[in-house]
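Novice: Sharing a structure, written as structure tokens. Questions coming.
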Amino acid sequence: MAKSKQAIRVAIADDHPIFRDGLRKLLEAEEDMVVAGEASNGAEAVQMIPKVKPDVLLLDLRMPDKDGLTVLEEVNFDSLTTKVIVLTASEEERDIVRAMRLGARGVVLKQTATEMLIKSIRKVHQGEIWLDKRMMAEVMRAFTKSSEQGAKRDKPLLSDREKEIVQHVAQGFRNREIGEKLFISEQTVKNHLHNIFDKLGVSDRLELALYAIHHRLIEPGT
């Protein structure tokens, strides 16, 4: 099958050969996707990712040598454009929240239908966050469990400009990129974010992105 010139370059890190082989065949069957690299354990993944520089990495949380969380910690994703989707057979809230804190942009359960996995890759590649509704609820609960800012979350008083910035943060854009899109300085973006964090009672960009999804400022994966 001829591939699009803009095909999404996907790398796979999973220790189960049969599962990895199935994923490769699934991805190669898509016109807009190509498998750029594979790793059978966490140590291989840490070495592969900076060399291959995939657009999207499918990362198993449970691998020998180094697990997926360790890979997220050790690879300098700030220097890459790679977006990470975590693959897991478990719905353990703690691991999912930690993976998102470490920079994952999506979580997909291994028992998920194949068409939803394909959709998640496209959505995350476009800059969106991907969590199914049940996981979204769990993650939101985890972030708000110890928060004393519930009242602020219920009635946010955001200006139109602040809402625009929230949407761009949720889509994965950095401060400089947001400034360029909105024709404002990077420092102005930072000032707006400071006010937004204070109004919504969130502490970082991930919480802000999840807030945006929860309040339908941007749609999550379904």
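Naming scheme: A, B, ... for chains in displayed order of the structure tokens; residues 1 onward per chain; ligands 1 onward as shown.
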Step one, run DSSP on the backbone; step two, keep only residues of chain A assigned to strand (DSSP E or B); then write them as a list in words.
Specialist: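 Strand (DSSP E or B) members of chain A, listed: Ile8, Arg9, Val10, Ala11, Ile12, Ala13, Met33, Val34, Val35, Ala36, Gly37, Glu38, Ala39, Val56, Leu57, Leu58, Leu59, Asp60, Lys83, Val84, Ile85, Val86, Leu87, Thr88, Gly106, Val107, Val108, Leu109 and Trp130 of chain A.
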Novice: Counting only C-alpha atoms, which of A:Asp204, A:Asp55, A:Asp21, A:Asp95 gets nearest to Ala36 (chain A)?
Specialist: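 Of A:Asp204, A:Asp55, A:Asp21, A:Asp95, the one nearest Ala36 (chain A), counting only C-alpha atoms, is A:Asp55.
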Novice: Show me, as a tab-separated table, the residues of region 34-87 of chain A having an atom within 7 Å of region 107-127 of chain A, each with the closest atom pair and its distance in Å, using only C-alpha atoms.
Specialist:
```
residue	atom	partner	partner_atom	distance
A:Asp55	CA	A:His125	CA	6.8
A:Val56	CA	A:His125	CA	6.5
A:Lys83	CA	A:His125	CA	6.7
A:Ile85	CA	A:Val107	CA	5.5
A:Val86	CA	A:Val107	CA	4.7
A:Leu87	CA	A:Val108	CA	5.1
```
Novice: May I have the residues from that selection written out with C-alpha atoms, as a compact mmCIF listing (two decimals), in the first residue's frame?
Specialist:
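This is the output file part05.txt:
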```
# COMPACT_ATOMS: atom_id res chain seq x y z
CA ASP A 55 5.86 11.23 15.76
CA VAL A 56 3.97 8.94 18.13
CA LYS A 83 3.93 12.33 21.54
CA ILE A 85 0.44 7.02 24.09
CA VAL A 86 0.71 4.61 26.99
CA LEU A 87 -0.55 1.06 26.44
```
Novice: May I have all residues of region 16-198 of chain A that DSSP, computed from the backbone, assigns to helix (DSSP H, G or I), given as JSON, numbers by chain?
Specialist: {"A": [17, 18, 19, 20, 21, 22, 23, 24, 25, 26, 27, 28, 42, 43, 44, 45, 46, 47, 48, 49, 50, 51, 52, 68, 69, 70, 71, 72, 73, 74, 77, 78, 79, 93, 94, 95, 96, 97, 98, 99, 100, 101, 114, 115, 116, 117, 118, 119, 120, 121, 122, 123, 124, 125, 133, 134, 135, 136, 137, 138, 139, 140, 141, 142, 143, 144, 150, 151, 152, 153, 154, 160, 161, 162, 163, 164, 165, 166, 167, 168, 169, 170, 175, 176, 177, 178, 179, 180, 181, 182, 186, 187, 188, 189, 190, 191, 192, 193, 194, 195, 196, 197, 198]}
Novice: Region 162-178 of chain A: which residues within 10 Å, counting only C-alpha atoms, same-chain residues fewer than 3 positions away excluded, as a count of residues only?
Specialist: 41
Novice: Distance CA of Glu38 (chain A)-CA of Ile12 (chain A), one decimal place?
Specialist: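 Spanning CA of Glu38 (chain A) to CA of Ile12 (chain A) is a straight-line distance of 4.8 Å.
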Novice: So how many Å separate CA of Gly106 (chain A) and CA of Asp132 (chain A), to one decimal?
Specialist: 9.2 Å
Novice: Would you please work out which residue, of A:Val52, A:Ala43, A:Ile18, A:Leu61, is nearest to Ala89 (chain A) when using only C-alpha atoms?
Specialist: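 Ranking A:Val52, A:Ala43, A:Ile18, A:Leu61 by distance to Ala89 (chain A), first place goes to A:Leu61.
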Novice: Please indicate the distance in Å from CA of Thr70 (chain A) to CA of Asp32 (chain A), rounded to one decimal place.
Specialist: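 These two atoms are separated by 29.7 Å.
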Novice: Which residues are close to Leu102 (chain A), i.e. within 8 Å by only C-alpha atoms, leaving aside same-chain residues fewer than 5 positions away? Reply as a PyMOL selection string.
Specialist: chain A and resi 69+72-73
Novice: If we count only C-alpha atoms, what is near Asp14 (chain A) at a cut-off of 8 Å, once residues fewer than 4 positions away on the same chain are taken out, given as a ChimeraX atom specification?
Specialist: /A:19-20,38-41,59-60,63
Novice: Go through A:Lys199, A:Asp15, A:Pro64, A:Val84 one by one, measure the shortest atom-to-atom distance of each to Met100 (chain A) using only C-alpha atoms, and give the residue with the smallest value.
Specialist: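 Counting only C-alpha atoms, the residue closest to Met100 (chain A) is A:Val84.
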